[in-house]
Amino acid sequence: MRIDPSEYMQLRAWFSHMVPKAFPLDMVAPDNHPVLLLDRMAEKAPAKARKGLSDTIGDILEFTDGWASEDVMTCNVELSQMNLPTLSEVRARFSKVVQRVVRRGIIKSDSEFYMLRSAVEQRGADTTSLWPLLDAYQARE
């Protein structure tokens with residue numbers, strides 16, 4: 001998922017809200033908090049920070065994939081009340097990127113590669129059409 005500079009702060013806020021929901025608190029040290037690391041990166045390299053944010057959003061989607069529908073709905077309400085995209089909206093956007101790559105038939109970037117790989121890991125055996133795209137991209141590297 002490509003993150004435009006104009007939407008960075010909103011998705012950063014989304015990420016900030018989702019980190020404690022997706023990562024065990026004992027995994028997140030204050031000096032290595034993912035949002036803090038992202039902010040440090042944004043100061044020096046905004047484009048890298050947008051890519052890093054995109055990648056970590058993919059991780060959060062992967063970690064929350066097994067959530068019960070009630071948990072997703074609760075999270076959607078919280079995010080909506082904060083004027084942030086809902087978890088369902090971010091999932092749909094992620095899915096659209098995967099669909100676009102499949103229609104195109106080629107992976108164009110590392111970001112797309114990691115999204116497809118996450119999709120394979122999340123969805124399991126019904127993603128056999130994604131493996132040739134992933135293999136082809138790795139062969140080009």
# chains A, B, ... in the order shown; residues from 1 in each chain; ligands from 1
$ residues_around --residues "range 59-72 of chain A" --least-positions-apart "4" --cutoff "7 Å" --atoms "only C-alpha atoms" --output "ChimeraX atom specification"
/A:22,55,76,87,91,118,122
$ closest_residue --among "A:Met1, A:Ala42, A:Leu130, A:Met18" --to "Gly105 in chain A" --atoms "only C-alpha atoms"
A:Leu130
$ residues_around --residues "Leu84 in chain A" --least-positions-apart "4" --cutoff "12 Å" --atoms "only C-alpha atoms" --output "list of chain:residue names"
A:Glu7, A:Tyr8, A:Met9, A:Gln10, A:Leu11, A:Arg12, A:Ala13, A:Trp14, A:Phe15, A:Ser16, A:His17, A:Met18, A:Cys75, A:Asn76, A:Val77, A:Glu78, A:Leu79, A:Ser80, A:Ser88, A:Glu89, A:Val90
$ select_by_dssp --residues "range 24-127 of chain A" --states "alpha helix (DSSP H)" --output "PyMOL selection string"
chain A and resi 34-44+46-63+69-81+87-104+110-123
$ residues_around --residues "Arg2 in chain A" --least-positions-apart "5" --cutoff "8 Å" --atoms "only C-alpha atoms" --output "ChimeraX atom specification"
/A:50-51,54,111
$ write_last_selection --atoms "N, CA, C and O atoms" --output "short mmCIF file (atom, residue, chain, number, x, y, z; two decimals), in the first residue's frame"
data_model
loop_
_atom_site.label_atom_id
_atom_site.label_comp_id
_atom_site.auth_asym_id
_atom_site.auth_seq_id
_atom_site.Cartn_x
_atom_site.Cartn_y
_atom_site.Cartn_z
N ARG A 50 7.37 6.64 5.20
CA ARG A 50 6.09 6.24 4.59
C ARG A 50 6.12 4.77 4.20
O ARG A 50 5.15 4.04 4.42
N LYS A 51 7.23 4.32 3.64
CA LYS A 51 7.36 2.91 3.28
C LYS A 51 7.34 2.03 4.53
O LYS A 51 6.68 1.00 4.57
N SER A 54 3.88 1.80 5.83
CA SER A 54 3.11 0.87 5.00
C SER A 54 3.41 -0.58 5.38
O SER A 54 2.50 -1.39 5.55
N SER A 111 7.43 -3.07 -1.50
CA SER A 111 6.21 -2.88 -0.73
C SER A 111 5.11 -3.81 -1.23
O SER A 111 4.43 -4.47 -0.44
#
$ residues_around --residues "Leu38 in chain A" --least-positions-apart "5" --cutoff "9 Å" --atoms "only C-alpha atoms" --output "PyMOL selection string"
chain A and resi 12+33+43+49-50+52-53
$ closest_residue --among "A:Ile107, A:Leu134, A:Ile57, A:Leu36" --to "Arg93 in chain A" --atoms "only C-alpha atoms"
A:Ile57
$ residues_around --residues "Met115 in chain A" --least-positions-apart "6" --cutoff "9 Å" --atoms "only C-alpha atoms" --output "count of residues only"
7
$ decode --residues "range 89-103 of chain A" --atoms "N, CA, C and O atoms" --output "PDB file, in the first residue's frame"
ATOM      1  N   GLU A  89     -11.609  -0.639   6.775  1.00  0.00           N
ATOM      2  CA  GLU A  89     -11.237   0.189   5.624  1.00  0.00           C
ATOM      3  C   GLU A  89      -9.777  -0.037   5.229  1.00  0.00           C
ATOM      4  O   GLU A  89      -9.460  -0.137   4.037  1.00  0.00           O
ATOM      5  N   VAL A  90      -8.900  -0.138   6.210  1.00  0.00           N
ATOM      6  CA  VAL A  90      -7.486  -0.370   5.910  1.00  0.00           C
ATOM      7  C   VAL A  90      -7.307  -1.767   5.316  1.00  0.00           C
ATOM      8  O   VAL A  90      -6.542  -1.949   4.372  1.00  0.00           O
ATOM      9  N   ARG A  91      -8.032  -2.732   5.837  1.00  0.00           N
ATOM     10  CA  ARG A  91      -7.980  -4.089   5.258  1.00  0.00           C
ATOM     11  C   ARG A  91      -8.434  -4.075   3.802  1.00  0.00           C
ATOM     12  O   ARG A  91      -7.831  -4.735   2.954  1.00  0.00           O
ATOM     13  N   ALA A  92      -9.497  -3.340   3.516  1.00  0.00           N
ATOM     14  CA  ALA A  92     -10.007  -3.267   2.139  1.00  0.00           C
ATOM     15  C   ALA A  92      -8.982  -2.614   1.219  1.00  0.00           C
ATOM     16  O   ALA A  92      -8.783  -3.049   0.083  1.00  0.00           O
ATOM     17  N   ARG A  93      -8.330  -1.575   1.707  1.00  0.00           N
ATOM     18  CA  ARG A  93      -7.312  -0.899   0.894  1.00  0.00           C
ATOM     19  C   ARG A  93      -6.150  -1.846   0.617  1.00  0.00           C
ATOM     20  O   ARG A  93      -5.644  -1.911  -0.503  1.00  0.00           O
ATOM     21  N   PHE A  94      -5.725  -2.589   1.608  1.00  0.00           N
ATOM     22  CA  PHE A  94      -4.665  -3.580   1.456  1.00  0.00           C
ATOM     23  C   PHE A  94      -5.082  -4.614   0.405  1.00  0.00           C
ATOM     24  O   PHE A  94      -4.318  -4.956  -0.487  1.00  0.00           O
ATOM     25  N   SER A  95      -6.312  -5.072   0.495  1.00  0.00           N
ATOM     26  CA  SER A  95      -6.824  -6.075  -0.436  1.00  0.00           C
ATOM     27  C   SER A  95      -6.854  -5.536  -1.860  1.00  0.00           C
ATOM     28  O   SER A  95      -6.553  -6.258  -2.817  1.00  0.00           O
ATOM     29  N   LYS A  96      -7.178  -4.269  -2.025  1.00  0.00           N
ATOM     30  CA  LYS A  96      -7.213  -3.667  -3.365  1.00  0.00           C
ATOM     31  C   LYS A  96      -5.829  -3.640  -3.994  1.00  0.00           C
ATOM     32  O   LYS A  96      -5.681  -3.848  -5.196  1.00  0.00           O
ATOM     33  N   VAL A  97      -4.807  -3.389  -3.201  1.00  0.00           N
ATOM     34  CA  VAL A  97      -3.437  -3.400  -3.724  1.00  0.00           C
ATOM     35  C   VAL A  97      -3.091  -4.802  -4.211  1.00  0.00           C
ATOM     36  O   VAL A  97      -2.546  -4.970  -5.306  1.00  0.00           O
ATOM     37  N   VAL A  98      -3.421  -5.805  -3.431  1.00  0.00           N
ATOM     38  CA  VAL A  98      -3.152  -7.188  -3.821  1.00  0.00           C
ATOM     39  C   VAL A  98      -3.893  -7.513  -5.115  1.00  0.00           C
ATOM     40  O   VAL A  98      -3.319  -8.077  -6.050  1.00  0.00           O
ATOM     41  N   GLN A  99      -5.147  -7.131  -5.202  1.00  0.00           N
ATOM     42  CA  GLN A  99      -5.937  -7.395  -6.407  1.00  0.00           C
ATOM     43  C   GLN A  99      -5.338  -6.695  -7.635  1.00  0.00           C
ATOM     44  O   GLN A  99      -5.296  -7.262  -8.726  1.00  0.00           O
ATOM     45  N   ARG A 100      -4.864  -5.465  -7.449  1.00  0.00           N
ATOM     46  CA  ARG A 100      -4.265  -4.714  -8.558  1.00  0.00           C
ATOM     47  C   ARG A 100      -3.012  -5.430  -9.060  1.00  0.00           C
ATOM     48  O   ARG A 100      -2.796  -5.539 -10.277  1.00  0.00           O
ATOM     49  N   VAL A 101      -2.182  -5.928  -8.149  1.00  0.00           N
ATOM     50  CA  VAL A 101      -0.965  -6.635  -8.544  1.00  0.00           C
ATOM     51  C   VAL A 101      -1.332  -7.915  -9.296  1.00  0.00           C
ATOM     52  O   VAL A 101      -0.732  -8.228 -10.328  1.00  0.00           O
ATOM     53  N   VAL A 102      -2.316  -8.624  -8.812  1.00  0.00           N
ATOM     54  CA  VAL A 102      -2.740  -9.862  -9.471  1.00  0.00           C
ATOM     55  C   VAL A 102      -3.245  -9.563 -10.886  1.00  0.00           C
ATOM     56  O   VAL A 102      -2.883 -10.253 -11.843  1.00  0.00           O
ATOM     57  N   ARG A 103      -4.058  -8.515 -11.035  1.00  0.00           N
ATOM     58  CA  ARG A 103      -4.549  -8.146 -12.377  1.00  0.00           C
ATOM     59  C   ARG A 103      -3.398  -7.760 -13.310  1.00  0.00           C
ATOM     60  O   ARG A 103      -3.393  -8.126 -14.480  1.00  0.00           O
TER      61      ARG A 103
END
